[in-house]
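**Q** Below: one structure in structure tokens.
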Amino acid sequence: MTNTTVTLRVNRFAPRPERNRDRGGSPFARKSSPFGSSAEAPARRRPRGKQWTQDYVIEARPEDTVLDCLLTIKRTVDPTLAFRYSCGHGMCGSDAVAINGTPTLLCTATLKDWVKPEHTVVQTDDEGFRRTDDVNDADDAAGADTANDGSLGVIELAALPGFPVQRDLIADIDPMLDQLKKLKPALEADGVLATTKDGKVDVFEYLQNPEQLARYERLTNCIACGVCEGSCPVFAGGDAFIGPAALIWSSRFINDSRDVKAAERMDTIDTADGVAACQSVRACSRQCPRGIDVGEEMWQIVAKVRER
Ligand code: SF4
Ligand code: FES
């Protein structure tokens with residue numbers, strides 16, 4: 001059996017350390033960071049540094065994930081390559097990047113699903129979405145057919161769009177996390193005191209029937225990976241929009257019958273940069289790794305807020 005190879009074409013970035021403008025100043029001055037602290041998020045600017053594209057050709061099988069390949073490169077070829085991951089199983093959401101221009105998770109993307117022939121062009125379809133075509137009309141890349149040299153093809157990797165890049169494939173997702181925190185993503189419920197047969201207070205109960213649970217249960221699957229935010233053309237415009245992930249988290253509590261702050265939560269997102277900024281492009285629905293139809297959920301929460 002011949003070994004197959006894949007080419008990972010990685011958009012790399014090495015930040016340039018900022019000069020310390022407080023030369024000779026207080027030793028307690030803020031440590032230099034290319035991004036500033038999260039408290040400075042509104043003034044966040046893109047870090048400067050060196051950008052280049054690097055090809056890595058390694059042996060791989062069609063069923064390997066892109067994360068498998070990056071780990072092989074990191075361990076055996078180039079220890080300087082930076083990327084982020086944790087669980088390796090689509091549960092933590094830490095490894096969202098752009099694969100062939102599409103936001104998705106490294107650990108769930110297999111080569112056979114994402115590899116493309118070397119000679120391809122990226123075109124924009126009628127809806128404005130990017131589509132990759134093989135100019136040579138070669139064998140179907142999705143079937144992981146190999147060229148004569150045993151190459152599966154090429155996969156292009158870049159940091160998650162819509163966020164400042166920190167290094168190589170690592171994006172700074174603090175803007176999203178800051179928005180989530182502002183929406184106070186925790187249940188605020190009044191419990192019912194349950195008593196024992198003797199009349200003693202036992203526990204607080206937060207009762208809910210299956211129909212009430214069904215209204216928000218799917219939304220609890222969100223792992224805040226940022227894939228929907230990286231796909232959203234409005235979010236990519238900066239502070240104009242709090243973003244689909246924040247609205248999904250807000251919707252999760254607004255639709256929870258136990259939560260007593262639904263009205264306040266709706267007030268919080270009923271702003272120019274909240275539900276009003278959603279343009280219903282629905283690009284956010286395309287790659288959610290947790291199977292949430294983000295665009296549909298957004299549509300429903302927008303309607304709910306407007307109908308009050
Ligand atoms: S809604 Fe889906 S794509 Fe968006 S942050 Fe949550 S898990 Fe990721
Ligand atoms: S590494 Fe946790 S979701 Fe991919």
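Letters for chains follow the order of the structure tokens (A, B, ...), residue numbers begin at 1 for each chain, and ligand numbers begin at 1 in the order shown.
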Around ligand 2, which protein and nucleic acid residues have at least one atom no more than 7 Å from it, if we count only C-alpha atoms and all ligand atoms? List them as number ranges by chain.

**A** A: 85-95, 105-108

**Q** Within 8 Å of ligand 1 (counting only C-alpha atoms and all ligand atoms), which residues show up? I'd like them as a list in words.

**A**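 Written in the requested form, the residues are Gly93, Leu219, Asn221, Cys222, Ile223, Ala224, Cys225, Gly226, Val227, Cys228, Glu229, Pro244, Ala245, Ile248, Cys284, Ser285, Gln287, Cys288, Pro289, Arg290, Gly291, Ile292, Asp293 and Val294 of chain A.
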
**Q** Taking into account only C-alpha atoms, which residue in the set A:Val66, A:Val275, A:Ala246, A:Ala263 is nearest to A:Lys181?

**A**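 Checking each of A:Val66, A:Val275, A:Ala246, A:Ala263 against A:Lys181, counting only C-alpha atoms, the winner is A:Ala246.
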
**Q** Write out as a PDB file with N, CA, C and O atoms, in the first residue's frame the residues lying within 9 Å of A:Thr5, counting only C-alpha atoms and excluding same-chain residues fewer than 4 positions away.

**A**
ATOM      1  N   VAL A  57       4.163  19.376   4.102  1.00  0.00           N
ATOM      2  CA  VAL A  57       3.734  18.147   3.428  1.00  0.00           C
ATOM      3  C   VAL A  57       4.058  16.981   4.362  1.00  0.00           C
ATOM      4  O   VAL A  57       5.220  16.767   4.727  1.00  0.00           O
ATOM      5  N   ILE A  58       3.021  16.255   4.777  1.00  0.00           N
ATOM      6  CA  ILE A  58       3.230  15.127   5.701  1.00  0.00           C
ATOM      7  C   ILE A  58       2.441  13.913   5.210  1.00  0.00           C
ATOM      8  O   ILE A  58       1.495  14.050   4.432  1.00  0.00           O
ATOM      9  N   GLU A  59       2.824  12.757   5.709  1.00  0.00           N
ATOM     10  CA  GLU A  59       2.041  11.555   5.419  1.00  0.00           C
ATOM     11  C   GLU A  59       0.760  11.602   6.239  1.00  0.00           C
ATOM     12  O   GLU A  59       0.784  11.969   7.417  1.00  0.00           O
ATOM     13  N   ALA A  60      -0.346  11.243   5.615  1.00  0.00           N
ATOM     14  CA  ALA A  60      -1.631  11.273   6.321  1.00  0.00           C
ATOM     15  C   ALA A  60      -2.624  10.375   5.603  1.00  0.00           C
ATOM     16  O   ALA A  60      -2.446  10.047   4.428  1.00  0.00           O
ATOM     17  N   ARG A  61      -3.678   9.982   6.344  1.00  0.00           N
ATOM     18  CA  ARG A  61      -4.733   9.164   5.759  1.00  0.00           C
ATOM     19  C   ARG A  61      -5.990  10.015   5.607  1.00  0.00           C
ATOM     20  O   ARG A  61      -6.191  10.961   6.375  1.00  0.00           O
ATOM     21  N   THR A 146      -6.677  10.198  -4.812  1.00  0.00           N
ATOM     22  CA  THR A 146      -5.315  10.714  -4.772  1.00  0.00           C
ATOM     23  C   THR A 146      -4.777  10.914  -6.173  1.00  0.00           C
ATOM     24  O   THR A 146      -5.138  10.220  -7.111  1.00  0.00           O
ATOM     25  N   ASP A 149       0.946  11.018  -7.560  1.00  0.00           N
ATOM     26  CA  ASP A 149       2.046  11.055  -6.609  1.00  0.00           C
ATOM     27  C   ASP A 149       1.622  10.675  -5.197  1.00  0.00           C
ATOM     28  O   ASP A 149       2.403  10.779  -4.264  1.00  0.00           O
ATOM     29  N   GLY A 150       0.379  10.235  -5.026  1.00  0.00           N
ATOM     30  CA  GLY A 150      -0.096   9.823  -3.702  1.00  0.00           C
ATOM     31  C   GLY A 150      -0.552  10.978  -2.840  1.00  0.00           C
ATOM     32  O   GLY A 150      -0.859  10.808  -1.666  1.00  0.00           O
ATOM     33  N   SER A 151      -0.640  12.167  -3.428  1.00  0.00           N
ATOM     34  CA  SER A 151      -1.058  13.332  -2.646  1.00  0.00           C
ATOM     35  C   SER A 151      -2.581  13.406  -2.567  1.00  0.00           C
ATOM     36  O   SER A 151      -3.268  13.325  -3.586  1.00  0.00           O
ATOM     37  N   LEU A 152      -3.094  13.573  -1.341  1.00  0.00           N
ATOM     38  CA  LEU A 152      -4.539  13.749  -1.174  1.00  0.00           C
ATOM     39  C   LEU A 152      -4.969  15.125  -1.652  1.00  0.00           C
ATOM     40  O   LEU A 152      -6.115  15.328  -2.040  1.00  0.00           O
ATOM     41  N   GLY A 153      -4.045  16.088  -1.588  1.00  0.00           N
ATOM     42  CA  GLY A 153      -4.355  17.454  -2.000  1.00  0.00           C
ATOM     43  C   GLY A 153      -3.914  18.458  -0.946  1.00  0.00           C
ATOM     44  O   GLY A 153      -3.007  18.190  -0.159  1.00  0.00           O
TER      45      GLY A 153
END

**Q** Would you mind reading off the distance between atom CA of A:Ala159 and atom CA of A:Arg218, one decimal, in Å?

**A** 27.5 Å

**Q** Please determine, counting only C-alpha atoms, which residue among A:Ser231, A:Thr72, A:Thr53, A:Thr196 has the shortest atom-to-atom distance to A:Glu156.

**A**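 Smallest separation from A:Glu156 among the options: A:Thr53.
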
**Q** If you count only C-alpha atoms, which residues fall within 12 Å of A:Val305, apart from same-chain ones fewer than 3 positions away, as a compact mmCIF listing (two decimals) with all heavy atoms, in the first residue's frame?

**A**
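The resulting file, around32.txt, is shown below:
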# COMPACT_ATOMS: atom_id res chain seq x y z
N LEU A 247 -26.16 36.28 21.28
CA LEU A 247 -27.63 36.22 21.21
C LEU A 247 -28.14 34.81 21.47
O LEU A 247 -29.22 34.63 22.05
CB LEU A 247 -28.10 36.72 19.83
CG LEU A 247 -27.91 38.23 19.62
CD1 LEU A 247 -28.44 38.65 18.25
CD2 LEU A 247 -28.61 39.03 20.71
N SER A 250 -28.12 34.50 25.20
CA SER A 250 -29.20 35.30 25.77
C SER A 250 -30.54 34.56 25.57
O SER A 250 -31.35 34.45 26.49
CB SER A 250 -29.22 36.66 25.08
OG SER A 250 -30.10 37.50 25.72
N SER A 251 -30.73 34.05 24.36
CA SER A 251 -31.96 33.34 24.03
C SER A 251 -32.14 32.10 24.91
O SER A 251 -33.25 31.75 25.31
CB SER A 251 -31.91 32.93 22.55
OG SER A 251 -33.06 32.26 22.19
N ILE A 254 -33.63 33.46 28.08
CA ILE A 254 -34.95 34.08 27.85
C ILE A 254 -36.01 32.99 27.66
O ILE A 254 -37.15 33.12 28.10
CB ILE A 254 -34.89 35.01 26.62
CG1 ILE A 254 -34.09 36.27 26.97
CG2 ILE A 254 -36.29 35.38 26.13
CD1 ILE A 254 -33.73 37.15 25.78
N ASN A 255 -35.63 31.88 27.03
CA ASN A 255 -36.58 30.79 26.77
C ASN A 255 -36.68 29.79 27.90
O ASN A 255 -37.42 28.81 27.80
CB ASN A 255 -36.19 30.07 25.48
CG ASN A 255 -36.56 30.87 24.26
OD1 ASN A 255 -37.72 31.19 24.05
ND2 ASN A 255 -35.57 31.24 23.46
N ALA A 262 -36.15 37.46 32.20
CA ALA A 262 -36.33 37.47 30.74
C ALA A 262 -36.55 38.88 30.21
O ALA A 262 -35.95 39.27 29.20
CB ALA A 262 -37.48 36.55 30.35
N ALA A 263 -37.39 39.67 30.90
CA ALA A 263 -37.69 41.02 30.40
C ALA A 263 -36.42 41.87 30.38
O ALA A 263 -36.14 42.57 29.39
CB ALA A 263 -38.75 41.67 31.28
N GLU A 264 -35.63 41.79 31.44
CA GLU A 264 -34.38 42.56 31.48
C GLU A 264 -33.40 42.07 30.42
O GLU A 264 -32.69 42.86 29.80
CB GLU A 264 -33.74 42.46 32.86
CG GLU A 264 -34.50 43.23 33.91
CD GLU A 264 -34.11 42.85 35.31
OE1 GLU A 264 -32.90 42.68 35.58
OE2 GLU A 264 -35.02 42.69 36.14
N ARG A 265 -33.37 40.77 30.22
CA ARG A 265 -32.45 40.23 29.19
C ARG A 265 -32.85 40.75 27.81
O ARG A 265 -31.99 41.06 26.99
CB ARG A 265 -32.48 38.70 29.22
CG ARG A 265 -31.89 38.07 30.48
CD ARG A 265 -31.88 36.56 30.35
NE ARG A 265 -31.64 35.91 31.62
CZ ARG A 265 -30.45 35.77 32.19
NH1 ARG A 265 -29.38 36.25 31.60
NH2 ARG A 265 -30.32 35.16 33.36
N MET A 266 -34.15 40.81 27.58
CA MET A 266 -34.59 41.31 26.26
C MET A 266 -34.27 42.79 26.12
O MET A 266 -33.89 43.25 25.04
CB MET A 266 -36.08 41.02 26.06
CG MET A 266 -36.32 39.55 25.75
SD MET A 266 -37.93 39.23 25.02
CE MET A 266 -38.84 38.73 26.47
N ASP A 267 -34.41 43.56 27.21
CA ASP A 267 -34.02 44.99 27.16
C ASP A 267 -32.55 45.12 26.76
O ASP A 267 -32.18 45.98 25.96
CB ASP A 267 -34.22 45.65 28.53
CG ASP A 267 -35.68 45.86 28.85
OD1 ASP A 267 -36.50 45.81 27.91
OD2 ASP A 267 -36.00 46.07 30.04
N THR A 268 -31.71 44.24 27.32
CA THR A 268 -30.27 44.34 27.09
C THR A 268 -29.90 44.13 25.63
O THR A 268 -28.96 44.74 25.12
CB THR A 268 -29.53 43.29 27.95
OG1 THR A 268 -29.97 43.43 29.29
CG2 THR A 268 -28.02 43.47 27.89
N ILE A 269 -30.64 43.26 24.94
CA ILE A 269 -30.28 42.99 23.53
C ILE A 269 -31.14 43.79 22.55
O ILE A 269 -30.92 43.72 21.35
CB ILE A 269 -30.38 41.48 23.19
CG1 ILE A 269 -31.79 40.94 23.44
CG2 ILE A 269 -29.34 40.70 23.97
CD1 ILE A 269 -31.98 39.50 22.98
N ASP A 270 -32.09 44.58 23.08
CA ASP A 270 -32.95 45.39 22.21
C ASP A 270 -32.26 46.73 21.93
O ASP A 270 -32.73 47.79 22.30
CB ASP A 270 -34.31 45.61 22.89
CG ASP A 270 -35.33 46.17 21.91
OD1 ASP A 270 -35.02 46.27 20.70
OD2 ASP A 270 -36.44 46.51 22.36
N THR A 271 -31.11 46.66 21.28
CA THR A 271 -30.28 47.84 21.04
C THR A 271 -29.83 47.84 19.58
O THR A 271 -30.01 46.86 18.85
CB THR A 271 -29.01 47.78 21.92
OG1 THR A 271 -28.33 46.54 21.63
CG2 THR A 271 -29.35 47.83 23.40
N GLY A 274 -27.54 45.19 19.07
CA GLY A 274 -28.09 43.88 19.48
C GLY A 274 -28.91 43.28 18.35
O GLY A 274 -28.42 43.16 17.22
N VAL A 275 -30.17 42.93 18.65
CA VAL A 275 -30.98 42.25 17.63
C VAL A 275 -31.17 43.11 16.38
O VAL A 275 -31.31 42.60 15.27
CB VAL A 275 -32.36 41.82 18.18
CG1 VAL A 275 -32.21 40.72 19.20
CG2 VAL A 275 -33.11 43.01 18.77
N ALA A 276 -31.14 44.45 16.55
CA ALA A 276 -31.37 45.33 15.40
C ALA A 276 -30.26 45.21 14.37
O ALA A 276 -30.46 45.53 13.19
CB ALA A 276 -31.49 46.78 15.87
N MET A 298 -31.74 32.93 15.82
CA MET A 298 -31.61 34.39 15.84
C MET A 298 -32.92 35.02 15.38
O MET A 298 -33.40 35.99 15.94
CB MET A 298 -30.49 34.82 14.89
CG MET A 298 -29.15 34.26 15.26
SD MET A 298 -28.33 35.31 16.39
CE MET A 298 -27.93 36.61 15.28
N TRP A 299 -33.47 34.47 14.32
CA TRP A 299 -34.72 34.99 13.77
C TRP A 299 -35.81 34.97 14.84
O TRP A 299 -36.58 35.92 15.01
CB TRP A 299 -35.12 34.15 12.57
CG TRP A 299 -36.43 34.54 11.95
CD1 TRP A 299 -37.60 33.86 11.98
CD2 TRP A 299 -36.68 35.74 11.20
NE1 TRP A 299 -38.57 34.54 11.32
CE2 TRP A 299 -38.04 35.70 10.82
CE3 TRP A 299 -35.91 36.82 10.83
CZ2 TRP A 299 -38.64 36.72 10.09
CZ3 TRP A 299 -36.50 37.85 10.09
CH2 TRP A 299 -37.85 37.78 9.73
N GLN A 300 -35.85 33.87 15.61
CA GLN A 300 -36.89 33.74 16.62
C GLN A 300 -36.69 34.72 17.78
O GLN A 300 -37.66 35.29 18.29
CB GLN A 300 -36.92 32.29 17.13
CG GLN A 300 -37.46 31.37 16.07
CD GLN A 300 -37.77 29.99 16.60
OE1 GLN A 300 -37.89 29.79 17.80
NE2 GLN A 300 -37.90 29.04 15.70
N ILE A 301 -35.46 34.92 18.19
CA ILE A 301 -35.25 35.83 19.32
C ILE A 301 -35.48 37.28 18.88
O ILE A 301 -36.02 38.10 19.63
CB ILE A 301 -33.86 35.63 19.98
CG1 ILE A 301 -33.79 36.36 21.32
CG2 ILE A 301 -32.72 36.08 19.09
CD1 ILE A 301 -34.71 35.84 22.37
N VAL A 302 -35.11 37.58 17.62
CA VAL A 302 -35.37 38.94 17.10
C VAL A 302 -36.88 39.19 17.11
O VAL A 302 -37.36 40.23 17.56
CB VAL A 302 -34.80 39.08 15.66
CG1 VAL A 302 -35.32 40.36 15.01
CG2 VAL A 302 -33.28 39.08 15.69
N ARG A 308 -42.71 42.34 21.76
CA ARG A 308 -43.07 42.64 23.16
C ARG A 308 -44.09 43.77 23.26
O ARG A 308 -44.06 44.70 22.48
CB ARG A 308 -41.83 43.04 23.96
CG ARG A 308 -40.94 41.89 24.22
CD ARG A 308 -39.85 42.26 25.17
NE ARG A 308 -38.98 43.30 24.59
CZ ARG A 308 -38.14 44.05 25.31
NH1 ARG A 308 -38.08 43.88 26.61
NH2 ARG A 308 -37.36 44.94 24.75

**Q** Per DSSP on the backbone, filter stretch 54-255 of chain A down to the residues in strand (DSSP E) and report them as a ChimeraX atom specification.

**A** /A:54-59,96-99,102-105,120-124,130-134,151-159,165-167,170-171,192-195,201-205
